[in-house]
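Have a look at my_file-v7.txt; it's compact mmCIF, C-alpha atoms:
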```txt
# COMPACT_ATOMS: atom_id res chain seq x y z
CA MET A 282 -167.59 -58.54 14.31
CA GLY A 283 -170.28 -59.31 11.77
CA ILE A 284 -169.31 -60.45 8.29
CA ASP A 285 -171.74 -60.49 5.36
CA PRO A 286 -169.78 -62.70 2.98
CA GLY A 287 -169.53 -61.84 -0.69
CA LEU A 288 -166.90 -61.68 -3.39
CA SER A 289 -167.68 -58.36 -5.06
CA ARG A 290 -168.63 -56.78 -1.74
CA CYS A 291 -168.03 -58.32 1.67
CA GLY A 292 -169.48 -56.24 4.51
CA TYR A 293 -167.96 -56.10 7.97
CA GLY A 294 -169.09 -54.31 11.11
CA LEU A 295 -167.73 -54.17 14.61
CA VAL A 296 -170.17 -53.85 17.51
CA MET A 297 -169.19 -53.74 21.15
CA ARG A 298 -170.75 -53.46 24.56
CA ARG A 299 -168.33 -51.40 26.63
CA GLU A 300 -169.73 -52.47 29.97
CA SER A 301 -171.91 -55.35 31.08
CA GLY A 302 -175.53 -54.38 30.52
CA GLY A 303 -174.45 -51.21 28.73
CA ARG A 304 -175.70 -50.22 25.32
CA LEU A 305 -174.28 -51.50 22.05
CA GLN A 306 -171.96 -49.27 20.06
CA ALA A 307 -170.73 -49.53 16.48
CA GLY A 308 -167.00 -49.54 15.92
CA ALA A 309 -165.49 -49.77 12.47
CA ALA A 310 -167.66 -50.85 9.57
CA GLY A 311 -167.10 -51.06 5.87
CA VAL A 312 -166.91 -53.20 2.78
CA ILE A 313 -164.10 -55.20 1.24
CA GLU A 314 -164.42 -55.00 -2.51
CA THR A 315 -162.60 -57.11 -5.07
CA GLU A 316 -162.33 -56.18 -8.73
CA PRO A 317 -164.83 -58.11 -10.87
CA GLY A 318 -162.38 -58.03 -13.78
CA ARG A 319 -159.64 -59.95 -11.97
CA PRO A 320 -159.30 -63.76 -12.01
CA LEU A 321 -161.32 -65.54 -9.32
CA PRO A 322 -158.35 -67.01 -7.38
CA GLU A 323 -156.75 -63.53 -7.11
CA ARG A 324 -160.00 -62.01 -5.90
CA LEU A 325 -160.42 -64.71 -3.25
CA GLN A 326 -156.83 -64.26 -2.16
CA ALA A 327 -157.32 -60.48 -1.90
CA LEU A 328 -160.45 -61.03 0.22
CA GLN A 329 -158.56 -63.50 2.43
CA ILE A 330 -155.76 -61.00 3.01
CA GLU A 331 -158.19 -58.19 3.89
CA LEU A 332 -160.20 -60.37 6.27
CA ARG A 333 -157.03 -61.57 7.99
CA SER A 334 -155.84 -58.00 8.34
CA LEU A 335 -159.18 -56.80 9.82
CA LEU A 336 -159.25 -59.69 12.31
CA GLY A 337 -155.67 -58.91 13.28
CA GLU A 338 -156.44 -55.22 13.71
CA PHE A 339 -159.73 -55.45 15.64
CA ARG A 340 -159.21 -58.77 17.45
CA PRO A 341 -162.93 -59.44 17.94
CA ASP A 342 -164.07 -61.95 20.58
CA VAL A 343 -166.71 -63.36 18.26
CA VAL A 344 -167.02 -63.42 14.49
CA VAL A 345 -170.60 -63.66 13.24
CA VAL A 346 -170.94 -64.88 9.66
CA GLU A 347 -174.19 -64.99 7.73
CA ARG A 348 -175.34 -68.55 7.16
CA VAL A 349 -176.28 -68.72 3.50
CA PHE A 350 -178.46 -71.15 1.63
CA PHE A 351 -177.99 -71.82 -2.01
CA GLN A 352 -181.55 -71.79 -3.18
CA VAL A 353 -181.68 -68.01 -2.71
CA ASN A 354 -179.69 -66.82 -5.70
CA VAL A 355 -178.00 -69.40 -7.86
CA ARG A 356 -176.05 -66.81 -9.85
CA THR A 357 -174.06 -65.50 -6.87
CA ALA A 358 -174.35 -68.64 -4.72
CA MET A 359 -170.95 -70.01 -5.65
CA SER A 360 -168.98 -66.88 -4.82
CA VAL A 361 -170.94 -66.32 -1.58
CA GLY A 362 -170.08 -69.88 -0.51
CA GLN A 363 -166.43 -69.35 -1.37
CA ALA A 364 -166.29 -66.03 0.50
CA SER A 365 -168.02 -67.49 3.56
CA GLY A 366 -165.54 -70.39 3.62
CA LEU A 367 -162.67 -67.92 3.76
CA ALA A 368 -164.34 -65.86 6.49
CA LEU A 369 -165.03 -68.93 8.66
CA ALA A 370 -161.52 -70.36 8.24
CA GLU A 371 -159.84 -67.01 8.95
CA ALA A 372 -162.01 -66.47 12.04
CA ALA A 373 -161.06 -69.90 13.37
CA ALA A 374 -157.39 -69.28 12.53
CA ALA A 375 -157.54 -66.01 14.47
CA GLY A 376 -158.80 -67.95 17.49
CA CYS A 377 -162.20 -66.26 17.48
CA GLU A 378 -165.45 -67.81 18.59
CA VAL A 379 -167.64 -68.17 15.50
CA ALA A 380 -171.41 -67.86 15.29
CA GLN A 381 -173.71 -68.12 12.29
CA TYR A 382 -177.26 -66.89 11.76
CA THR A 383 -179.54 -67.07 8.77
CA PRO A 384 -180.92 -63.81 7.31
CA ASN A 385 -184.30 -64.76 8.81
CA GLU A 386 -182.85 -65.21 12.29
CA VAL A 387 -181.26 -61.76 12.03
CA LYS A 388 -184.54 -60.16 10.96
CA GLN A 389 -186.38 -62.01 13.70
CA ALA A 390 -183.91 -60.80 16.34
CA LEU A 391 -183.85 -57.17 15.18
CA VAL A 392 -187.31 -56.43 13.82
CA GLY A 393 -189.35 -59.22 15.40
CA TYR A 394 -190.33 -61.15 12.32
CA GLY A 395 -188.41 -63.03 9.63
CA GLY A 396 -190.07 -61.28 6.73
CA ALA A 397 -188.75 -57.81 7.59
CA THR A 398 -187.39 -55.67 4.74
CA LYS A 399 -183.76 -54.59 4.38
CA GLU A 400 -184.86 -51.00 5.17
CA GLN A 401 -186.50 -52.08 8.44
CA VAL A 402 -183.35 -53.92 9.48
CA GLN A 403 -181.25 -50.88 8.60
CA ARG A 404 -183.49 -48.55 10.68
CA MET A 405 -183.25 -50.93 13.65
CA VAL A 406 -179.47 -51.12 13.35
CA GLU A 407 -179.31 -47.31 13.36
CA GLN A 408 -181.62 -47.11 16.39
CA VAL A 409 -179.93 -49.81 18.46
CA LEU A 410 -176.47 -48.42 17.76
CA LEU A 411 -177.65 -44.78 18.02
CA MET A 412 -176.17 -44.10 14.60
CA GLU A 413 -177.02 -41.23 12.31
CA PRO A 414 -178.86 -42.51 9.25
CA LEU A 415 -176.06 -43.53 6.94
CA GLU A 416 -175.74 -43.85 3.23
CA GLY A 417 -173.84 -46.97 2.43
CA PRO A 418 -174.00 -50.35 0.73
CA PRO A 419 -176.48 -52.73 2.40
CA ASP A 420 -173.63 -55.16 3.08
CA VAL A 421 -172.38 -52.86 5.87
CA PHE A 422 -175.76 -52.85 7.61
CA ASP A 423 -176.13 -56.59 7.15
CA ALA A 424 -172.77 -57.07 8.85
CA LEU A 425 -173.68 -54.75 11.74
CA ALA A 426 -177.07 -56.48 12.01
CA LEU A 427 -175.35 -59.88 12.35
CA ALA A 428 -173.25 -58.57 15.23
CA VAL A 429 -176.28 -56.97 16.92
CA CYS A 430 -178.26 -60.19 16.44
CA HIS A 431 -175.57 -62.19 18.20
CA LEU A 432 -175.15 -59.72 21.07
CA THR A 433 -178.87 -59.54 21.72
CA THR A 434 -179.70 -63.20 21.03
CA VAL A 435 -177.03 -64.81 23.16
CA PRO A 436 -177.93 -63.13 26.49
CA PHE A 437 -181.58 -63.99 25.85
CA GLN A 438 -180.74 -67.62 25.06
CA ARG A 439 -178.55 -67.84 28.17
CA ALA A 440 -181.34 -66.40 30.32
CA VAL A 441 -183.79 -68.94 28.89
CA SER A 442 -181.35 -71.82 29.46
CA ALA A 443 -180.65 -70.68 33.01
CA ALA A 444 -184.37 -70.41 33.73
CA LEU A 445 -184.98 -73.88 32.31
CA ARG A 446 -182.13 -75.35 34.37
CA ALA A 447 -183.43 -73.68 37.51
CA ALA A 448 -186.94 -74.91 36.77
CA ALA A 449 -185.67 -78.47 36.31
CA GLU A 450 -183.82 -78.36 39.62
CA ARG A 451 -186.66 -76.78 41.57
CA PRO A 452 -190.03 -77.79 40.15
CA ALA A 453 -192.36 -74.85 40.18
CA ARG A 454 -195.08 -75.02 42.81
CA LEU A 455 -198.11 -73.30 41.60
CA SER A 456 -200.18 -72.04 44.45
CA VAL A 457 -203.70 -72.01 43.23
CA VAL A 458 -205.53 -69.07 44.62
CA ARG A 459 -209.20 -69.76 44.85
CA SER A 460 -211.49 -66.88 44.62
CA GLU A 461 -213.50 -66.38 47.78
CA ARG A 462 -216.34 -65.02 45.79
CA MET B 1128 -151.86 -80.62 -8.90
CA GLY B 1129 -155.54 -81.40 -9.17
CA ILE B 1130 -157.87 -80.62 -6.28
CA ASP B 1131 -161.38 -82.06 -5.98
CA PRO B 1132 -162.77 -79.71 -3.32
CA GLY B 1133 -164.86 -81.04 -0.47
CA LEU B 1134 -165.14 -80.61 3.26
CA SER B 1135 -165.47 -84.22 4.45
CA ARG B 1136 -163.06 -85.43 1.76
CA CYS B 1137 -160.92 -83.21 -0.44
CA GLY B 1138 -158.96 -85.14 -3.07
CA TYR B 1139 -155.57 -84.06 -4.36
CA GLY B 1140 -153.35 -85.58 -7.03
CA LEU B 1141 -150.02 -84.55 -8.44
CA VAL B 1142 -149.31 -85.29 -12.11
CA MET B 1143 -146.11 -84.36 -13.91
CA ARG B 1144 -144.53 -84.63 -17.30
CA ARG B 1145 -140.84 -85.20 -16.65
CA GLU B 1146 -139.73 -84.17 -20.12
CA SER B 1147 -141.36 -82.21 -22.92
CA GLY B 1148 -143.52 -84.60 -24.93
CA GLY B 1149 -142.90 -87.36 -22.40
CA ARG B 1150 -145.64 -89.37 -20.77
CA LEU B 1151 -147.61 -88.22 -17.73
CA GLN B 1152 -146.76 -89.68 -14.33
CA ALA B 1153 -148.64 -89.58 -11.05
CA GLY B 1154 -146.84 -88.23 -8.03
CA ALA B 1155 -148.45 -88.02 -4.63
CA ALA B 1156 -152.19 -88.40 -4.35
CA GLY B 1157 -154.57 -88.65 -1.44
CA VAL B 1158 -157.47 -87.17 0.46
CA ILE B 1159 -157.67 -84.54 3.15
CA GLU B 1160 -160.43 -85.50 5.56
CA THR B 1161 -161.97 -83.34 8.23
CA GLU B 1162 -164.02 -84.70 11.10
CA PRO B 1163 -167.76 -84.33 10.51
CA GLY B 1164 -168.33 -83.93 14.24
CA ARG B 1165 -166.18 -80.81 14.59
CA PRO B 1166 -167.53 -77.25 14.20
CA LEU B 1167 -167.55 -75.96 10.61
CA PRO B 1168 -165.00 -73.13 11.11
CA GLU B 1169 -162.49 -75.57 12.65
CA ARG B 1170 -162.95 -78.03 9.79
CA LEU B 1171 -162.42 -75.30 7.20
CA GLN B 1172 -159.34 -74.09 9.05
CA ALA B 1173 -157.95 -77.65 9.18
CA LEU B 1174 -158.54 -78.01 5.42
CA GLN B 1175 -156.85 -74.66 4.80
CA ILE B 1176 -153.78 -75.72 6.80
CA GLU B 1177 -153.50 -79.07 4.97
CA LEU B 1178 -153.88 -77.45 1.54
CA ARG B 1179 -151.26 -74.83 2.37
CA SER B 1180 -148.89 -77.52 3.59
CA LEU B 1181 -149.36 -79.65 0.42
CA LEU B 1182 -148.80 -76.63 -1.84
CA GLY B 1183 -145.68 -75.75 0.13
CA GLU B 1184 -144.38 -79.31 -0.05
CA PHE B 1185 -145.07 -80.05 -3.73
CA ARG B 1186 -144.80 -76.53 -5.20
CA PRO B 1187 -146.93 -77.31 -8.28
CA ASP B 1188 -146.72 -75.03 -11.33
CA VAL B 1189 -150.47 -75.21 -11.83
CA VAL B 1190 -153.34 -75.96 -9.46
CA VAL B 1191 -156.43 -77.38 -11.16
CA VAL B 1192 -159.62 -77.03 -9.14
CA GLU B 1193 -162.95 -78.54 -10.11
CA ARG B 1194 -165.45 -75.88 -11.12
CA VAL B 1195 -168.65 -76.76 -9.31
CA PHE B 1196 -172.20 -75.76 -9.96
CA PHE B 1197 -174.75 -75.62 -7.24
CA GLN B 1198 -177.67 -77.27 -8.92
CA VAL B 1199 -175.92 -80.64 -8.66
CA ASN B 1200 -176.36 -81.44 -5.00
CA VAL B 1201 -177.91 -78.82 -2.76
CA ARG B 1202 -177.11 -80.72 0.44
CA THR B 1203 -173.33 -80.60 0.00
CA ALA B 1204 -173.24 -77.52 -2.26
CA MET B 1205 -172.42 -75.10 0.54
CA SER B 1206 -169.43 -76.98 1.88
CA VAL B 1207 -168.09 -77.70 -1.62
CA GLY B 1208 -168.24 -73.98 -2.38
CA GLN B 1209 -166.49 -73.15 0.88
CA ALA B 1210 -163.77 -75.75 0.26
CA SER B 1211 -163.22 -74.60 -3.32
CA GLY B 1212 -162.87 -71.00 -2.12
CA LEU B 1213 -160.08 -72.06 0.23
CA ALA B 1214 -158.34 -74.10 -2.47
CA LEU B 1215 -158.43 -71.22 -4.99
CA ALA B 1216 -157.22 -68.63 -2.48
CA GLU B 1217 -154.40 -70.86 -1.20
CA ALA B 1218 -153.29 -71.66 -4.76
CA ALA B 1219 -153.16 -67.96 -5.61
CA ALA B 1220 -151.34 -67.21 -2.35
CA ALA B 1221 -148.76 -69.88 -3.21
CA GLY B 1222 -148.15 -68.11 -6.52
CA CYS B 1223 -149.50 -70.97 -8.62
CA GLU B 1224 -151.25 -70.65 -11.95
CA VAL B 1225 -154.86 -71.73 -11.40
CA ALA B 1226 -157.13 -73.53 -13.86
CA GLN B 1227 -160.71 -74.72 -13.44
CA TYR B 1228 -162.68 -77.32 -15.37
CA THR B 1229 -166.22 -78.60 -14.94
CA PRO B 1230 -166.75 -82.34 -14.35
CA ASN B 1231 -168.08 -82.55 -17.92
CA GLU B 1232 -164.95 -80.95 -19.38
CA VAL B 1233 -162.83 -83.48 -17.49
CA LYS B 1234 -164.90 -86.40 -18.80
CA GLN B 1235 -164.79 -84.96 -22.30
CA ALA B 1236 -161.01 -84.62 -22.17
CA LEU B 1237 -160.34 -88.07 -20.70
CA VAL B 1238 -163.03 -90.33 -22.08
CA GLY B 1239 -164.23 -88.36 -25.08
CA TYR B 1240 -167.74 -87.54 -23.98
CA GLY B 1241 -169.25 -85.55 -21.10
CA GLY B 1242 -171.59 -88.33 -19.98
CA ALA B 1243 -168.82 -90.78 -19.04
CA THR B 1244 -169.17 -92.66 -15.76
CA LYS B 1245 -166.86 -92.31 -12.77
CA GLU B 1246 -165.52 -95.81 -13.47
CA GLN B 1247 -164.62 -94.91 -17.07
CA VAL B 1248 -162.76 -91.82 -15.86
CA GLN B 1249 -160.93 -93.90 -13.26
CA ARG B 1250 -159.87 -96.53 -15.87
CA MET B 1251 -158.59 -93.74 -18.16
CA VAL B 1252 -156.64 -92.14 -15.33
CA GLU B 1253 -155.04 -95.51 -14.57
CA GLN B 1254 -154.19 -96.06 -18.25
CA VAL B 1255 -152.81 -92.59 -18.94
CA LEU B 1256 -150.71 -92.62 -15.79
CA LEU B 1257 -149.76 -96.32 -16.17
CA MET B 1258 -151.03 -96.96 -12.68
CA GLU B 1259 -151.99 -100.29 -11.20
CA PRO B 1260 -155.75 -100.41 -10.60
CA LEU B 1261 -156.13 -98.76 -7.22
CA GLU B 1262 -158.66 -99.03 -4.49
CA GLY B 1263 -159.35 -95.60 -3.12
CA PRO B 1264 -161.96 -92.92 -2.62
CA PRO B 1265 -163.21 -91.45 -5.94
CA ASP B 1266 -162.00 -88.02 -4.81
CA VAL B 1267 -158.40 -89.11 -5.46
CA PHE B 1268 -159.18 -90.15 -9.03
CA ASP B 1269 -161.19 -86.99 -9.62
CA ALA B 1270 -158.20 -84.94 -8.51
CA LEU B 1271 -155.80 -86.88 -10.75
CA ALA B 1272 -158.30 -86.60 -13.63
CA LEU B 1273 -158.37 -82.81 -13.24
CA ALA B 1274 -154.60 -82.64 -13.51
CA VAL B 1275 -154.55 -84.98 -16.54
CA CYS B 1276 -157.35 -82.94 -18.16
CA HIS B 1277 -155.30 -79.77 -17.82
CA LEU B 1278 -152.07 -81.31 -19.08
CA THR B 1279 -153.75 -82.82 -22.13
CA THR B 1280 -156.18 -79.98 -22.84
CA VAL B 1281 -153.75 -77.10 -22.71
CA PRO B 1282 -151.28 -78.35 -25.38
CA PHE B 1283 -154.26 -79.11 -27.66
CA GLN B 1284 -155.76 -75.64 -27.08
CA ARG B 1285 -152.38 -74.02 -27.75
CA ALA B 1286 -151.99 -75.98 -30.97
CA VAL B 1287 -155.47 -74.90 -32.10
CA SER B 1288 -154.77 -71.25 -31.22
CA ALA B 1289 -151.43 -71.33 -33.03
CA ALA B 1290 -153.06 -72.88 -36.10
CA LEU B 1291 -155.82 -70.24 -36.06
CA ARG B 1292 -153.26 -67.42 -35.71
CA ALA B 1293 -151.21 -68.83 -38.58
CA ALA B 1294 -154.35 -69.19 -40.71
CA ALA B 1295 -155.34 -65.58 -39.99
CA GLU B 1296 -151.91 -64.29 -40.99
CA ARG B 1297 -151.70 -66.38 -44.16
CA PRO B 1298 -155.16 -66.86 -45.66
CA ALA B 1299 -155.51 -70.33 -47.02
CA ARG B 1300 -155.46 -70.52 -50.81
CA LEU B 1301 -157.63 -73.28 -51.99
CA SER B 1302 -156.51 -74.56 -55.33
CA VAL B 1303 -159.55 -75.87 -57.03
CA VAL B 1304 -158.69 -78.92 -59.05
CA ARG B 1305 -161.06 -79.33 -61.91
CA SER B 1306 -161.63 -82.74 -63.12
CA GLU B 1307 -160.50 -83.19 -66.69
CA ARG B 1308 -163.13 -85.73 -67.27
```
Before we go any further, please render this structure as C-alpha cells.
Amino acid sequence: MGIDPGLSRCGYGLVMRRESGGRLQAGAAGVIETEPGRPLPERLQALQIELRSLLGEFRPDVVVVERVFFQVNVRTAMSVGQASGLALAEAAAAGCEVAQYTPNEVKQALVGYGGATKEQVQRMVEQVLLMEPLEGPPDVFDALALAVCHLTTVPFQRAVSAALRAAAERPARLSVVRSER
Amino acid sequence: MGIDPGLSRCGYGLVMRRESGGRLQAGAAGVIETEPGRPLPERLQALQIELRSLLGEFRPDVVVVERVFFQVNVRTAMSVGQASGLALAEAAAAGCEVAQYTPNEVKQALVGYGGATKEQVQRMVEQVLLMEPLEGPPDVFDALALAVCHLTTVPFQRAVSAALRAAAERPARLSVVRSER
C-alpha cells in the first residue's frame, strides 16, 4: 500500500502481485481529504482515523510512504511532515513492514530517470497496472507509483544482493578466449 | 500540558493553577526519548504510545504544542514535523483543547522579548513555578514554558478582548478639559 502523505489530500493505493512472478494489479486507491477550514489538530486526527481504518481494512504486508525533504516546498512542508509522521506510526502500529522512497527514486524505478514528469509516471502506472487512463488527483497516482516502485525495486535489489553474495563465495573465473586469427 | 515535539527527545510539562487567580504550579515534567538506532516508523510509534499514555494519565484540559517552522534547522525539521503531527493528533483524539505558540511568542510572554535566550526562559520558568533550579534537558523547560505561556497569555488576551468589546458597545466619551489659564 503506497501512501503519498498530505494534509489536504493524502493519496493511497493498493497494489498486489497475486502469484509469484505474476503481474502487478491495482486494488483500492483513493484520497483522504481533510477540510482546510477545520483546526489543524482535528484535521490530523481525522487523517489518523482514516489511515488506521484503511490499514485495518486492507491489511497490507508493506506500507510504502514517500520520503519527503523540506527544501521542496516550504509552504506545505510542515503539514506534509505531520501527515507522514502519522502514516509511519500507524503503519508500524498495524504491524506492517515500512519502506520509504524519495520522489526521484520512484521516477527512476518507473520511468528510468529521476527527472521524469508527473504525467510520465502516471502513464507508466497505468501501463504496469493495465489500468484504463484515469482522471483523478495526482496523489492517487503517486501512491500507486510508490507501491509499484517498491514491488519492482525490491526483487531487483534482492537479485543483485544474491548475485553479489554468490560472486563473493565463488570468485568468477574468466576464461580468456584468445582469437586464433 | 506543554509539549516540545521532537523524535530523539520530546519534552512534556504539566502546569496547573489550583484555584482561580492562584499561582501556577508545575506537575509532572520529563522527556520521552526514542532510540536513534531504531527504524523511524518504530520510533514514531513508540512516541505515539508514550504521548497517548501521558494524556490518558494526566488528562490535561489544554495541550500546548510548539509551532515549528522549517527554516530553523533543516536537518531535524522532518522529524520535528512528524513528532508534532503525532502530538496534535493525539491531543485532539484525547478530547483536549489544543493551542500552539511559536518559540518567539513563548519568549515574548515569559521574558518580555522574542530574542530571549534559552537560559532566560529557563530562569523565568523556575521563578514563575517557584521551582528549585533544575538540571535537565532544555526540552523539559521548553515544554513547561509553553504551558506557562498559554496560562498567562490567554487571561491577558481575554481581558483585552473584553475591554475592546466593552469599548465598542459604549464609545468612550473624552471630556476635554480646557485649561483656564
**OP:** May I have the residues within 10 Å of Gly1212 (chain B) as JSON, numbers by chain, using only C-alpha atoms and disregarding those fewer than 4 positions away in the same chain?
**Re:** {"A": [321, 322, 325, 326, 329, 359, 360, 361, 362, 363, 364, 365, 366, 367], "B": [1132, 1175, 1192, 1206, 1207, 1208, 1216, 1217, 1218]}
Original post:
Between A:Ala397, A:Val345, A:Leu425, A:Ala380, which has the minimum distance to Leu410 (chain A) (counting all atoms listed in the file)?
Top reply: A:Leu425
Original post:
Suppose you want the space between CA of Ala1272 (chain B) and CA of Ala368 (chain A); what is it in Å?
Top reply: 29.5 Å
**OP:** Measuring atom to atom with only C-alpha atoms, identify which of A:Tyr293, A:Phe350, A:Tyr394, A:Phe339 is nearest to chain B.
**Re:** A:Phe350
Within 12 Å of Asp1131 (chain B), counting only C-alpha atoms, which residues show up once you throw out same-chain ones fewer than 3 positions away? Write them as a tab-separated table (two decimals) with C-alpha atoms, in the coordinates of the input, please.
```tsv
chain	number	residue	atom	x	y	z
B	1128	MET	CA	-151.86	-80.62	-8.90
B	1134	LEU	CA	-165.14	-80.61	3.26
B	1135	SER	CA	-165.47	-84.22	4.45
B	1136	ARG	CA	-163.06	-85.43	1.76
B	1137	CYS	CA	-160.92	-83.21	-0.44
B	1138	GLY	CA	-158.96	-85.14	-3.07
B	1139	TYR	CA	-155.57	-84.06	-4.36
B	1140	GLY	CA	-153.35	-85.58	-7.03
B	1141	LEU	CA	-150.02	-84.55	-8.44
B	1156	ALA	CA	-152.19	-88.40	-4.35
B	1157	GLY	CA	-154.57	-88.65	-1.44
B	1158	VAL	CA	-157.47	-87.17	0.46
B	1159	ILE	CA	-157.67	-84.54	3.15
B	1178	LEU	CA	-153.88	-77.45	1.54
B	1190	VAL	CA	-153.34	-75.96	-9.46
B	1191	VAL	CA	-156.43	-77.38	-11.16
B	1192	VAL	CA	-159.62	-77.03	-9.14
B	1193	GLU	CA	-162.95	-78.54	-10.11
B	1194	ARG	CA	-165.45	-75.88	-11.12
B	1195	VAL	CA	-168.65	-76.76	-9.31
B	1207	VAL	CA	-168.09	-77.70	-1.62
B	1208	GLY	CA	-168.24	-73.98	-2.38
B	1210	ALA	CA	-163.77	-75.75	0.26
B	1211	SER	CA	-163.22	-74.60	-3.32
B	1212	GLY	CA	-162.87	-71.00	-2.12
B	1213	LEU	CA	-160.08	-72.06	0.23
B	1214	ALA	CA	-158.34	-74.10	-2.47
B	1215	LEU	CA	-158.43	-71.22	-4.99
B	1227	GLN	CA	-160.71	-74.72	-13.44
B	1228	TYR	CA	-162.68	-77.32	-15.37
B	1229	THR	CA	-166.22	-78.60	-14.94
B	1230	PRO	CA	-166.75	-82.34	-14.35
B	1233	VAL	CA	-162.83	-83.48	-17.49
B	1264	PRO	CA	-161.96	-92.92	-2.62
B	1265	PRO	CA	-163.21	-91.45	-5.94
B	1266	ASP	CA	-162.00	-88.02	-4.81
B	1267	VAL	CA	-158.40	-89.11	-5.46
B	1268	PHE	CA	-159.18	-90.15	-9.03
B	1269	ASP	CA	-161.19	-86.99	-9.62
B	1270	ALA	CA	-158.20	-84.94	-8.51
B	1271	LEU	CA	-155.80	-86.88	-10.75
B	1272	ALA	CA	-158.30	-86.60	-13.63
B	1273	LEU	CA	-158.37	-82.81	-13.24
B	1274	ALA	CA	-154.60	-82.64	-13.51
```
**OP:** Pull the neighbourhood of (-162.4, -102.3, -12.1) for me: all residues within 10 Å in file coordinates, counting all atoms listed in the file, as a ChimeraX atom specification.
**Re:** /B:1246-1247,1249-1250,1260-1262
With C-alpha atoms retained, export the selected residues as a PDB file, in the frame of the given file.
```
ATOM      1  CA  GLU B1246    -165.520 -95.810 -13.470  1.00  0.00           C
ATOM      2  CA  GLN B1247    -164.620 -94.910 -17.070  1.00  0.00           C
ATOM      3  CA  GLN B1249    -160.930 -93.900 -13.260  1.00  0.00           C
ATOM      4  CA  ARG B1250    -159.870 -96.530 -15.870  1.00  0.00           C
ATOM      5  CA  PRO B1260    -155.750-100.410 -10.600  1.00  0.00           C
ATOM      6  CA  LEU B1261    -156.130 -98.760  -7.220  1.00  0.00           C
ATOM      7  CA  GLU B1262    -158.660 -99.030  -4.490  1.00  0.00           C
TER       8      GLU B1262
END
```
**OP:** Could you tell me how far CA of Glu1184 (chain B) lies from CA of Gly1222 (chain B), in Å and to one decimal?
**Re:**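 Atom-to-atom, CA of Glu1184 (chain B) to CA of Gly1222 (chain B), that is 13.5 Å.
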**OP:** Could you tell me which of A:Leu335, A:Ala390, A:Ile330, A:Met405 comes closest to chain B if we count all atoms listed in the file?
**Re:**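 That would be A:Ile330, the residue with the smallest distance to chain B.
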Please, what is the axis-aligned box for every listed atom of region 1284-1291 of chain B with 5 Å on each side, as centre and edge lengths in Å to one decimal, as lines of an AutoDock Vina configuration file?
```
center_x = -153.6
center_y = -73.1
center_z = -31.6
size_x = 14.4
size_y = 15.7
size_z = 19.0
```
Original post:
Which is closer to chain A than all the others in B:Ala1295, B:Ala1173, B:Ile1130, B:Ala1153, using all atoms listed in the file?
Top reply: B:Ala1173
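Using only C-alpha atoms, the shortest contact distance between chain A and any of B:Val1142, B:Leu1174, B:Leu1151, B:Ala1294 is found at B:Leu1174.
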Original post:
Suppose you want the space between CA of Val343 (chain A) and CA of Ala373 (chain A); what is it in Å?
Top reply: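 Answer for the CA of Val343 (chain A) to CA of Ala373 (chain A) separation: 9.9 Å.
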